[in-house]
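Below is start_2.pdb, holding PDB, C-alpha atoms, pLDDT in the B column.
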```pdb
ATOM      1  CA  VAL A   1      23.605 -52.087  39.234  1.00 40.00           C
ATOM      2  CA  GLU A   2      21.067 -54.760  38.291  1.00 45.00           C
ATOM      3  CA  SER A   3      22.486 -56.189  35.061  1.00 47.00           C
ATOM      4  CA  LEU A   4      25.745 -57.973  34.234  1.00 48.00           C
ATOM      5  CA  GLY A   5      26.928 -58.208  30.652  1.00 49.00           C
ATOM      6  CA  PHE A   6      30.597 -59.158  30.898  1.00 46.00           C
ATOM      7  CA  VAL A   7      30.295 -62.737  32.048  1.00 52.00           C
ATOM      8  CA  ASP A   8      32.633 -63.723  29.207  1.00 47.00           C
ATOM      9  CA  TYR A   9      35.591 -62.012  30.849  1.00 45.00           C
ATOM     10  CA  ILE A  10      34.911 -63.280  34.353  1.00 48.00           C
ATOM     11  CA  VAL A  11      34.379 -66.901  33.324  1.00 49.00           C
ATOM     12  CA  ARG A  12      37.267 -67.120  30.857  1.00 48.00           C
ATOM     13  CA  SER A  13      39.766 -65.431  33.159  1.00 49.00           C
ATOM     14  CA  ASN A  14      38.540 -67.213  36.285  1.00 50.00           C
ATOM     15  CA  ALA A  15      38.558 -63.817  37.999  1.00 47.00           C
ATOM     16  CA  ASN A  16      37.610 -65.005  41.466  1.00 53.00           C
ATOM     17  CA  GLY A  17      38.613 -61.740  43.123  1.00 56.00           C
ATOM     18  CA  LEU A  18      36.321 -59.745  40.865  1.00 52.00           C
ATOM     19  CA  LEU A  19      33.521 -62.219  41.437  1.00 56.00           C
ATOM     20  CA  LYS A  20      33.820 -61.840  45.201  1.00 59.00           C
ATOM     21  CA  LEU A  21      33.714 -58.066  44.821  1.00 55.00           C
ATOM     22  CA  LEU A  22      30.614 -58.255  42.650  1.00 57.00           C
ATOM     23  CA  LYS A  23      28.891 -60.457  45.177  1.00 56.00           C
ATOM     24  CA  ARG A  24      29.439 -57.860  47.882  1.00 55.00           C
ATOM     25  CA  LEU A  25      28.662 -54.707  45.921  1.00 47.00           C
ATOM     26  CA  LEU A  26      26.017 -55.612  43.354  1.00 52.00           C
ATOM     27  CA  LYS A  27      22.489 -56.934  43.513  1.00 60.00           C
ATOM     28  CA  ILE A  28      22.448 -58.415  40.044  1.00 60.00           C
ATOM     29  CA  ASN A  29      19.139 -59.713  38.754  1.00 67.00           C
ATOM     30  CA  THR A  30      19.918 -60.104  35.051  1.00 64.00           C
ATOM     31  CA  ILE A  31      22.759 -61.933  33.307  1.00 62.00           C
ATOM     32  CA  THR A  32      22.934 -62.052  29.528  1.00 61.00           C
ATOM     33  CA  ALA A  33      26.003 -63.054  27.547  1.00 51.00           C
ATOM     34  CA  LYS A  34      27.027 -64.346  24.166  1.00 52.00           C
ATOM     35  CA  PRO A  35      27.545 -68.115  23.785  1.00 47.00           C
ATOM     36  CA  LEU A  36      30.596 -69.286  25.744  1.00 50.00           C
ATOM     37  CA  ARG A  37      32.642 -72.447  25.955  1.00 57.00           C
ATOM     38  CA  ILE A  38      31.720 -73.118  29.556  1.00 59.00           C
ATOM     39  CA  THR A  39      32.425 -76.380  31.308  1.00 61.00           C
ATOM     40  CA  ASP A  40      29.897 -77.755  33.717  1.00 73.00           C
ATOM     41  CA  ALA A  41      32.345 -77.015  36.522  1.00 71.00           C
ATOM     42  CA  LYS A  42      32.420 -73.326  35.646  1.00 70.00           C
ATOM     43  CA  ALA A  43      28.626 -73.218  35.762  1.00 77.00           C
ATOM     44  CA  THR A  44      29.035 -72.892  39.519  1.00 79.00           C
ATOM     45  CA  PHE A  45      29.718 -69.211  38.812  1.00 74.00           C
ATOM     46  CA  PHE A  46      26.029 -68.484  38.354  1.00 75.00           C
ATOM     47  CA  LYS A  47      24.755 -69.967  41.601  1.00 76.00           C
ATOM     48  CA  GLU A  48      26.290 -67.099  43.550  1.00 75.00           C
ATOM     49  CA  PHE A  49      23.722 -64.647  42.175  1.00 80.00           C
ATOM     50  CA  THR A  50      20.636 -65.693  44.107  1.00 85.00           C
ATOM     51  CA  ASN A  51      18.811 -62.452  43.240  1.00 86.00           C
ATOM     52  CA  LEU A  52      18.738 -63.318  39.549  1.00 87.00           C
ATOM     53  CA  LYS A  53      15.418 -62.859  37.813  1.00 91.00           C
ATOM     54  CA  LYS A  54      16.578 -63.198  34.196  1.00 91.00           C
ATOM     55  CA  LEU A  55      19.166 -65.626  32.856  1.00 89.00           C
ATOM     56  CA  ASN A  56      20.044 -66.406  29.240  1.00 88.00           C
ATOM     57  CA  LEU A  57      21.940 -69.687  28.803  1.00 87.00           C
ATOM     58  CA  SER A  58      21.107 -70.274  25.149  1.00 88.00           C
ATOM     59  CA  SER A  59      23.781 -72.319  23.318  1.00 87.00           C
ATOM     60  CA  TYR A  60      26.068 -72.531  26.341  1.00 80.00           C
ATOM     61  CA  LYS A  61      26.563 -76.302  25.856  1.00 80.00           C
ATOM     62  CA  ILE A  62      25.428 -76.889  29.417  1.00 85.00           C
ATOM     63  CA  THR A  63      24.676 -80.534  30.329  1.00 90.00           C
ATOM     64  CA  ASP A  64      22.640 -82.087  33.118  1.00 93.00           C
ATOM     65  CA  LYS A  65      25.594 -81.938  35.496  1.00 90.00           C
ATOM     66  CA  GLY A  66      26.064 -78.215  34.987  1.00 90.00           C
ATOM     67  CA  LEU A  67      22.370 -77.493  35.249  1.00 91.00           C
ATOM     68  CA  SER A  68      22.299 -78.777  38.816  1.00 91.00           C
ATOM     69  CA  HIS A  69      24.115 -75.617  39.906  1.00 90.00           C
ATOM     70  CA  PHE A  70      21.143 -73.453  38.907  1.00 91.00           C
ATOM     71  CA  ALA A  71      18.647 -75.071  41.259  1.00 93.00           C
ATOM     72  CA  VAL A  72      19.308 -72.417  43.909  1.00 93.00           C
ATOM     73  CA  LEU A  73      18.159 -69.557  41.647  1.00 93.00           C
ATOM     74  CA  THR A  74      14.600 -69.733  42.923  1.00 95.00           C
ATOM     75  CA  ARG A  75      13.824 -66.089  42.117  1.00 94.00           C
ATOM     76  CA  LEU A  76      14.215 -66.568  38.382  1.00 95.00           C
ATOM     77  CA  GLU A  77      11.319 -65.294  36.286  1.00 97.00           C
ATOM     78  CA  LYS A  78      12.894 -65.649  32.833  1.00 96.00           C
ATOM     79  CA  LEU A  79      15.146 -68.514  31.734  1.00 96.00           C
ATOM     80  CA  ASP A  80      16.456 -69.445  28.289  1.00 95.00           C
ATOM     81  CA  LEU A  81      17.883 -72.986  28.046  1.00 94.00           C
ATOM     82  CA  SER A  82      17.542 -73.376  24.285  1.00 95.00           C
ATOM     83  CA  HIS A  83      20.141 -75.285  22.255  1.00 93.00           C
ATOM     84  CA  ASN A  84      21.739 -77.132  25.174  1.00 91.00           C
ATOM     85  CA  GLU A  85      22.454 -80.814  25.909  1.00 91.00           C
ATOM     86  CA  ILE A  86      19.840 -81.185  28.623  1.00 94.00           C
ATOM     87  CA  SER A  87      17.840 -84.344  29.299  1.00 96.00           C
ATOM     88  CA  ASP A  88      14.836 -85.147  31.482  1.00 97.00           C
ATOM     89  CA  GLU A  89      17.072 -85.698  34.495  1.00 95.00           C
ATOM     90  CA  GLY A  90      18.793 -82.352  34.126  1.00 95.00           C
ATOM     91  CA  PHE A  91      15.565 -80.423  33.709  1.00 96.00           C
ATOM     92  CA  GLY A  92      14.363 -82.038  36.916  1.00 96.00           C
ATOM     93  CA  TYR A  93      16.979 -80.110  38.872  1.00 96.00           C
ATOM     94  CA  LEU A  94      15.027 -76.932  38.124  1.00 96.00           C
ATOM     95  CA  SER A  95      11.677 -78.124  39.441  1.00 95.00           C
ATOM     96  CA  GLY A  96      11.893 -75.626  42.293  1.00 95.00           C
ATOM     97  CA  LEU A  97      11.993 -72.557  40.032  1.00 97.00           C
ATOM     98  CA  THR A  98       8.279 -71.967  40.445  1.00 97.00           C
ATOM     99  CA  HIS A  99       8.457 -68.182  39.938  1.00 97.00           C
ATOM    100  CA  LEU A 100       9.273 -68.611  36.247  1.00 98.00           C
ATOM    101  CA  LYS A 101       7.104 -66.590  33.884  1.00 98.00           C
ATOM    102  CA  ASN A 102       9.118 -67.031  30.685  1.00 98.00           C
ATOM    103  CA  LEU A 103      10.803 -70.344  29.780  1.00 98.00           C
ATOM    104  CA  ASN A 104      12.556 -71.285  26.531  1.00 98.00           C
ATOM    105  CA  LEU A 105      13.267 -75.012  25.991  1.00 98.00           C
ATOM    106  CA  ARG A 106      13.746 -74.911  22.217  1.00 97.00           C
ATOM    107  CA  PHE A 107      15.980 -77.658  20.813  1.00 95.00           C
ATOM    108  CA  ILE A 108      16.777 -79.472  24.056  1.00 95.00           C
ATOM    109  CA  ASP A 109      16.573 -83.229  24.541  1.00 94.00           C
ATOM    110  CA  ILE A 110      13.754 -83.596  27.052  1.00 95.00           C
ATOM    111  CA  THR A 111      10.806 -85.924  26.488  1.00 96.00           C
ATOM    112  CA  ASP A 112       7.339 -86.294  28.008  1.00 96.00           C
ATOM    113  CA  LYS A 113       8.979 -87.421  31.247  1.00 96.00           C
ATOM    114  CA  GLY A 114      10.865 -84.155  31.582  1.00 96.00           C
ATOM    115  CA  LEU A 115       7.827 -82.121  30.643  1.00 96.00           C
ATOM    116  CA  SER A 116       6.045 -83.474  33.699  1.00 96.00           C
ATOM    117  CA  TYR A 117       7.977 -80.925  35.768  1.00 96.00           C
ATOM    118  CA  LEU A 118       6.146 -78.134  33.931  1.00 97.00           C
ATOM    119  CA  GLU A 119       3.085 -78.790  36.077  1.00 96.00           C
ATOM    120  CA  ARG A 120       4.807 -76.884  38.890  1.00 96.00           C
ATOM    121  CA  TYR A 121       5.333 -73.748  36.797  1.00 98.00           C
ATOM    122  CA  THR A 122       1.852 -72.320  37.190  1.00 97.00           C
ATOM    123  CA  ASN A 123       3.104 -68.732  36.847  1.00 98.00           C
ATOM    124  CA  LEU A 124       4.323 -69.283  33.289  1.00 98.00           C
ATOM    125  CA  GLU A 125       3.105 -66.734  30.762  1.00 98.00           C
ATOM    126  CA  LYS A 126       5.425 -67.623  27.886  1.00 98.00           C
ATOM    127  CA  LEU A 127       6.674 -71.107  26.957  1.00 98.00           C
ATOM    128  CA  ASP A 128       8.725 -72.255  23.956  1.00 98.00           C
ATOM    129  CA  LEU A 129       8.748 -76.020  23.296  1.00 98.00           C
ATOM    130  CA  SER A 130       9.616 -75.915  19.602  1.00 97.00           C
ATOM    131  CA  ARG A 131      11.617 -78.870  18.302  1.00 96.00           C
ATOM    132  CA  VAL A 132      11.266 -80.745  21.614  1.00 96.00           C
ATOM    133  CA  ASN A 133      10.965 -84.538  21.377  1.00 94.00           C
ATOM    134  CA  MET A 134       7.500 -84.866  22.867  1.00 94.00           C
ATOM    135  CA  SER A 135       4.187 -86.564  22.104  1.00 96.00           C
ATOM    136  CA  ASP A 136       0.514 -85.728  22.413  1.00 97.00           C
ATOM    137  CA  GLU A 137       0.576 -87.124  25.949  1.00 96.00           C
ATOM    138  CA  GLY A 138       3.287 -84.629  26.911  1.00 96.00           C
ATOM    139  CA  LEU A 139       0.923 -81.738  26.267  1.00 97.00           C
ATOM    140  CA  ALA A 140      -1.258 -83.003  29.110  1.00 97.00           C
ATOM    141  CA  TYR A 141       1.257 -81.456  31.510  1.00 97.00           C
ATOM    142  CA  LEU A 142       0.304 -78.005  30.213  1.00 98.00           C
ATOM    143  CA  THR A 143      -3.342 -78.160  31.235  1.00 97.00           C
ATOM    144  CA  GLY A 144      -2.720 -76.433  34.561  1.00 97.00           C
ATOM    145  CA  LEU A 145      -0.661 -73.595  33.062  1.00 98.00           C
ATOM    146  CA  THR A 146      -3.689 -71.361  32.739  1.00 98.00           C
ATOM    147  CA  ASN A 147      -1.668 -68.130  32.859  1.00 98.00           C
ATOM    148  CA  LEU A 148       0.028 -68.884  29.537  1.00 98.00           C
ATOM    149  CA  ARG A 149      -0.236 -66.107  26.987  1.00 98.00           C
ATOM    150  CA  LYS A 150       2.333 -67.239  24.435  1.00 98.00           C
ATOM    151  CA  LEU A 151       2.972 -70.877  23.477  1.00 98.00           C
ATOM    152  CA  ASN A 152       5.338 -72.114  20.778  1.00 98.00           C
ATOM    153  CA  LEU A 153       4.804 -75.720  19.646  1.00 98.00           C
ATOM    154  CA  ARG A 154       6.612 -75.596  16.313  1.00 98.00           C
ATOM    155  CA  SER A 155       7.645 -78.872  14.692  1.00 97.00           C
ATOM    156  CA  ILE A 156       6.931 -81.298  17.531  1.00 96.00           C
ATOM    157  CA  ASN A 157       4.744 -83.714  15.551  1.00 92.00           C
ATOM    158  CA  ILE A 158       1.629 -83.387  17.689  1.00 96.00           C
ATOM    159  CA  THR A 159      -1.790 -84.403  16.392  1.00 97.00           C
ATOM    160  CA  ASP A 160      -5.393 -83.423  17.042  1.00 97.00           C
ATOM    161  CA  LYS A 161      -5.311 -85.495  20.218  1.00 97.00           C
ATOM    162  CA  GLY A 162      -2.564 -83.291  21.613  1.00 97.00           C
ATOM    163  CA  LEU A 163      -4.500 -80.110  20.906  1.00 97.00           C
ATOM    164  CA  SER A 164      -7.280 -81.339  23.179  1.00 97.00           C
ATOM    165  CA  HIS A 165      -5.031 -80.547  26.149  1.00 97.00           C
ATOM    166  CA  LEU A 166      -4.874 -76.875  25.179  1.00 98.00           C
ATOM    167  CA  SER A 167      -8.604 -76.154  25.284  1.00 97.00           C
ATOM    168  CA  GLY A 168      -8.467 -74.752  28.824  1.00 97.00           C
ATOM    169  CA  LEU A 169      -5.634 -72.278  28.165  1.00 98.00           C
ATOM    170  CA  THR A 170      -8.087 -69.446  27.584  1.00 98.00           C
ATOM    171  CA  LYS A 171      -5.598 -66.623  28.228  1.00 98.00           C
ATOM    172  CA  LEU A 172      -3.498 -67.558  25.204  1.00 98.00           C
ATOM    173  CA  GLU A 173      -2.809 -64.629  22.885  1.00 98.00           C
ATOM    174  CA  LYS A 174      -0.199 -66.249  20.643  1.00 98.00           C
ATOM    175  CA  LEU A 175      -0.097 -69.901  19.560  1.00 98.00           C
ATOM    176  CA  ASP A 176       2.408 -71.347  17.086  1.00 98.00           C
ATOM    177  CA  LEU A 177       1.450 -74.755  15.647  1.00 98.00           C
ATOM    178  CA  TYR A 178       3.651 -74.599  12.557  1.00 97.00           C
ATOM    179  CA  HIS A 179       4.550 -77.974  10.990  1.00 97.00           C
ATOM    180  CA  ASN A 180       2.400 -80.369  13.027  1.00 97.00           C
ATOM    181  CA  ASN A 181       0.056 -83.227  12.100  1.00 97.00           C
ATOM    182  CA  ILE A 182      -3.146 -81.316  12.741  1.00 97.00           C
ATOM    183  CA  SER A 183      -6.390 -81.767  10.805  1.00 97.00           C
ATOM    184  CA  ASP A 184      -9.684 -79.883  10.716  1.00 97.00           C
ATOM    185  CA  LYS A 185     -10.839 -81.800  13.789  1.00 96.00           C
ATOM    186  CA  GLY A 186      -7.973 -80.361  15.809  1.00 97.00           C
ATOM    187  CA  LEU A 187      -9.251 -76.821  15.447  1.00 97.00           C
ATOM    188  CA  THR A 188     -12.398 -77.709  17.382  1.00 97.00           C
ATOM    189  CA  TYR A 189     -10.249 -77.702  20.517  1.00 97.00           C
ATOM    190  CA  LEU A 190      -9.235 -74.098  19.861  1.00 97.00           C
ATOM    191  CA  GLU A 191     -12.757 -72.710  19.697  1.00 97.00           C
ATOM    192  CA  GLY A 192     -12.639 -71.413  23.266  1.00 97.00           C
ATOM    193  CA  LEU A 193      -9.302 -69.631  22.871  1.00 98.00           C
ATOM    194  CA  THR A 194     -10.960 -66.403  21.835  1.00 98.00           C
ATOM    195  CA  LYS A 195      -8.220 -64.125  23.183  1.00 98.00           C
ATOM    196  CA  LEU A 196      -5.827 -65.303  20.489  1.00 98.00           C
ATOM    197  CA  LYS A 197      -4.202 -62.494  18.549  1.00 97.00           C
ATOM    198  CA  GLU A 198      -1.717 -64.601  16.578  1.00 97.00           C
ATOM    199  CA  LEU A 199      -2.163 -68.156  15.290  1.00 97.00           C
ATOM    200  CA  ASP A 200       0.275 -69.991  13.013  1.00 97.00           C
ATOM    201  CA  LEU A 201      -1.152 -73.032  11.185  1.00 97.00           C
ATOM    202  CA  LEU A 202       1.345 -73.221   8.318  1.00 96.00           C
ATOM    203  CA  ARG A 203       2.398 -76.722   7.240  1.00 96.00           C
ATOM    204  CA  THR A 204      -0.503 -78.376   9.029  1.00 97.00           C
ATOM    205  CA  GLY A 205      -3.218 -80.511   7.455  1.00 96.00           C
ATOM    206  CA  ILE A 206      -6.182 -78.206   7.972  1.00 96.00           C
ATOM    207  CA  THR A 207      -8.439 -77.160   5.118  1.00 95.00           C
ATOM    208  CA  VAL A 208     -10.510 -74.070   4.532  1.00 93.00           C
ATOM    209  CA  LYS A 209     -13.547 -75.862   5.967  1.00 93.00           C
ATOM    210  CA  SER A 210     -12.008 -75.839   9.450  1.00 93.00           C
ATOM    211  CA  LEU A 211     -12.097 -72.044   9.659  1.00 93.00           C
ATOM    212  CA  ILE A 212     -15.652 -72.200  10.921  1.00 95.00           C
ATOM    213  CA  HIS A 213     -14.128 -73.096  14.282  1.00 96.00           C
ATOM    214  CA  LEU A 214     -12.374 -69.723  14.368  1.00 95.00           C
ATOM    215  CA  THR A 215     -15.403 -67.529  13.773  1.00 94.00           C
ATOM    216  CA  GLY A 216     -15.446 -66.452  17.410  1.00 95.00           C
ATOM    217  CA  HIS A 217     -11.826 -65.343  17.368  1.00 96.00           C
ATOM    218  CA  THR A 218     -12.524 -61.671  16.814  1.00 96.00           C
ATOM    219  CA  ASN A 219      -9.233 -60.615  18.441  1.00 97.00           C
ATOM    220  CA  LEU A 220      -7.082 -62.279  15.791  1.00 96.00           C
ATOM    221  CA  GLU A 221      -4.572 -59.893  14.244  1.00 96.00           C
ATOM    222  CA  LYS A 222      -2.379 -62.435  12.446  1.00 96.00           C
ATOM    223  CA  LEU A 223      -3.449 -65.802  11.012  1.00 96.00           C
ATOM    224  CA  ASP A 224      -1.033 -67.958   8.996  1.00 95.00           C
ATOM    225  CA  LEU A 225      -2.788 -70.640   6.948  1.00 95.00           C
ATOM    226  CA  PRO A 226      -1.474 -73.622   4.928  1.00 94.00           C
ATOM    227  CA  PHE A 227      -3.474 -72.650   1.864  1.00 88.00           C
ATOM    228  CA  PRO A 228      -3.783 -69.503  -0.270  1.00 83.00           C
ATOM    229  CA  THR A 229      -6.100 -66.867   1.140  1.00 64.00           C
ATOM    230  CA  TYR A 230      -8.016 -66.801  -2.147  1.00 45.00           C
ATOM    231  CA  SER A 231      -9.205 -70.335  -1.313  1.00 44.00           C
ATOM    232  CA  MET A 232     -10.759 -69.031   1.858  1.00 48.00           C
ATOM    233  CA  SER A 233     -12.601 -66.290  -0.022  1.00 43.00           C
ATOM    234  CA  LYS A 234     -13.837 -68.745  -2.609  1.00 42.00           C
ATOM    235  CA  GLU A 235     -15.180 -71.123   0.035  1.00 45.00           C
ATOM    236  CA  VAL A 236     -17.044 -68.330   1.809  1.00 39.00           C
ATOM    237  CA  ARG A 237     -18.857 -67.511  -1.410  1.00 36.00           C
TER
END
```
Write out the structure in this file as structure tokens.
Amino acid sequence: VESLGFVDYIVRSNANGLLKLLKRLLKINTITAKPLRITDAKATFFKEFTNLKKLNLSSYKITDKGLSHFAVLTRLEKLDLSHNEISDEGFGYLSGLTHLKNLNLRFIDITDKGLSYLERYTNLEKLDLSRVNMSDEGLAYLTGLTNLRKLNLRSINITDKGLSHLSGLTKLEKLDLYHNNISDKGLTYLEGLTKLKELDLLRTGITVKSLIHLTGHTNLEKLDLPFPTYSMSKEVR
């Protein structure tokens, strides 16, 4: 058995005997469960499964104190921490999880300081930072994540200056910039990202004139623009 889907029962019932049995008999590498009312103290449950590769903690109400128990899960490749009460200090406990390939930080309370730990995650292929309280300077910590293929930067109030830090992420295939303070100038930094297949520019400040910077993006399959497509056709004429 490699997957465990009844964490709810074990945690709520404090079934220590069953947990000990699982530890001896199963090599679990995936734990996924519905949102639970877990105290930080009960988060110690997860640290027993050191073979874990996938862990979904979305909306668990975990805080910094509880997150410290996950530092030993160094084999993790996929981790969802979205919608939790985690700060820069708490995220720092996970700086040793360098095998991560997929990380979801949507709606958590880290800032640029916490994002500095991302520099260690050079294996990341998918990263979700939507709704994170960061600045243009925080995106500088992504420059070394050259294996990224999917990046979600929805609604984080970045500007053209922030986009300059993405110019070297040439493996990107999906980039979500929805609802950011980006102008035509910002798209100049995306000219080299020619592997992009999906690009979301809705609710940004770009105009049809900026599309000249995307002429080399022949792999694009989906392009969301903040203006009607008929405007683009009219400008081309």
For the atom pair CA of Ala41 in chain A and CA of Asn104 in chain A, what is the interatomic distance in Å to one decimal place?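 For CA of Ala41 in chain A relative to CA of Asn104 in chain A, the distance reads 22.9 Å.
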Taking the point (4.3, -78.0, 18.8) as given in the file, collect each protein or nucleic acid residue that comes within 12 Å of it, counting only C-alpha atoms, and present the set as a PyMOL selection string. chain A and resi 105-107+127-136+138-139+151-160+162-163+166+175-182+200-204
Residue contacts of Lys150 in chain A (6 Å, all atoms listed in the file) excluding same-chain residues fewer than 4 positions away, as a PyMOL selection string: chain A and resi 126+172-174
Tell me, as a PyMOL selection string, which residues lie within 9 Å of Glu77 in chain A, counting all atoms listed in the file; anything in the same chain fewer than 4 positions away does not count. chain A and resi 52-55+97-103+123-124
Run through the PyMOL selection byres ((chain A and resi 83) around 10) on the given coordinates and return the selected residues as a PyMOL selection string. chain A and resi 57-62+80-82+84-86+104-109
Write out as lines of an AutoDock Vina configuration file an axis-aligned box for range 167-175 of chain A: all of its atoms listed in the file, 3 Å added on each side, centre and edge lengths in Å with one decimal.
```
center_x = -4.4
center_y = -70.4
center_z = 24.2
size_x = 14.5
size_y = 17.5
size_z = 15.3
```
Would you mind reading off the distance between CA of Ile212 in chain A and CA of Lys197 in chain A, one decimal, in Å? 16.8 Å
Would you translate the PyMOL selection byres ((chain A and resi 87) around 9) into the concrete set of residues it matches in this file, as JSON, numbers by chain? {"A": [63, 64, 85, 86, 88, 89, 90, 91, 92, 108, 109, 110, 111, 114]}
Starting from the displayed file, determine the output of the PyMOL selection byres ((chain A and resi 217-231) around 8) and express the residue list as an MDAnalysis selection string. chainID A and resid 191 193:208 214:216 232:235
Identify the residues around (15.7, -70.5, 42.0) within a radius of 12 Å, measuring from all atoms listed in the file in the coordinates stated by the file, and give them as a ChimeraX atom specification. /A:29,46-55,67-79,93-100
At what distance in Å, to one decimal, does CA of Thr143 in chain A lie from CA of Glu125 in chain A?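 These atoms are spaced 13.1 Å apart.
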Between A:Lys209, A:Lys161, A:Arg149, A:Arg120, single out the one closest to Glu137 in chain A, counting only C-alpha atoms. A:Lys161
Write only C-alpha atoms for range 183-213 of chain A from the block just shown, as a PDB file, in the first residue's frame.
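Now in part.pdb:
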```pdb
ATOM      1  CA  SER A 183       2.016  47.356 -18.498  1.00  0.00           C
ATOM      2  CA  ASP A 184       3.207  46.870 -22.069  1.00  0.00           C
ATOM      3  CA  LYS A 185       6.804  47.261 -20.901  1.00  0.00           C
ATOM      4  CA  GLY A 186       6.448  44.218 -18.670  1.00  0.00           C
ATOM      5  CA  LEU A 187       5.868  41.904 -21.603  1.00  0.00           C
ATOM      6  CA  THR A 188       9.356  42.628 -22.926  1.00  0.00           C
ATOM      7  CA  TYR A 189      10.672  40.417 -20.128  1.00  0.00           C
ATOM      8  CA  LEU A 190       8.597  37.499 -21.405  1.00  0.00           C
ATOM      9  CA  GLU A 191       9.991  37.523 -24.929  1.00  0.00           C
ATOM     10  CA  GLY A 192      12.394  34.666 -24.225  1.00  0.00           C
ATOM     11  CA  LEU A 193       9.774  32.395 -22.661  1.00  0.00           C
ATOM     12  CA  THR A 194       8.951  30.784 -25.973  1.00  0.00           C
ATOM     13  CA  LYS A 195       7.898  27.429 -24.509  1.00  0.00           C
ATOM     14  CA  LEU A 196       4.794  28.993 -22.994  1.00  0.00           C
ATOM     15  CA  LYS A 197       1.591  27.171 -23.846  1.00  0.00           C
ATOM     16  CA  GLU A 198      -0.731  29.105 -21.528  1.00  0.00           C
ATOM     17  CA  LEU A 199      -0.518  32.771 -20.526  1.00  0.00           C
ATOM     18  CA  ASP A 200      -3.133  34.650 -18.493  1.00  0.00           C
ATOM     19  CA  LEU A 201      -2.960  38.463 -18.713  1.00  0.00           C
ATOM     20  CA  LEU A 202      -6.534  39.275 -17.683  1.00  0.00           C
ATOM     21  CA  ARG A 203      -6.983  42.338 -15.460  1.00  0.00           C
ATOM     22  CA  THR A 204      -3.530  43.683 -16.249  1.00  0.00           C
ATOM     23  CA  GLY A 205      -2.709  47.026 -17.849  1.00  0.00           C
ATOM     24  CA  ILE A 206      -1.335  45.796 -21.160  1.00  0.00           C
ATOM     25  CA  THR A 207      -2.664  47.043 -24.478  1.00  0.00           C
ATOM     26  CA  VAL A 208      -2.867  45.450 -27.884  1.00  0.00           C
ATOM     27  CA  LYS A 209       0.417  47.122 -28.837  1.00  0.00           C
ATOM     28  CA  SER A 210       2.336  44.912 -26.401  1.00  0.00           C
ATOM     29  CA  LEU A 211       1.492  41.746 -28.330  1.00  0.00           C
ATOM     30  CA  ILE A 212       4.464  42.332 -30.585  1.00  0.00           C
ATOM     31  CA  HIS A 213       6.551  40.934 -27.737  1.00  0.00           C
TER      32      HIS A 213
END
```
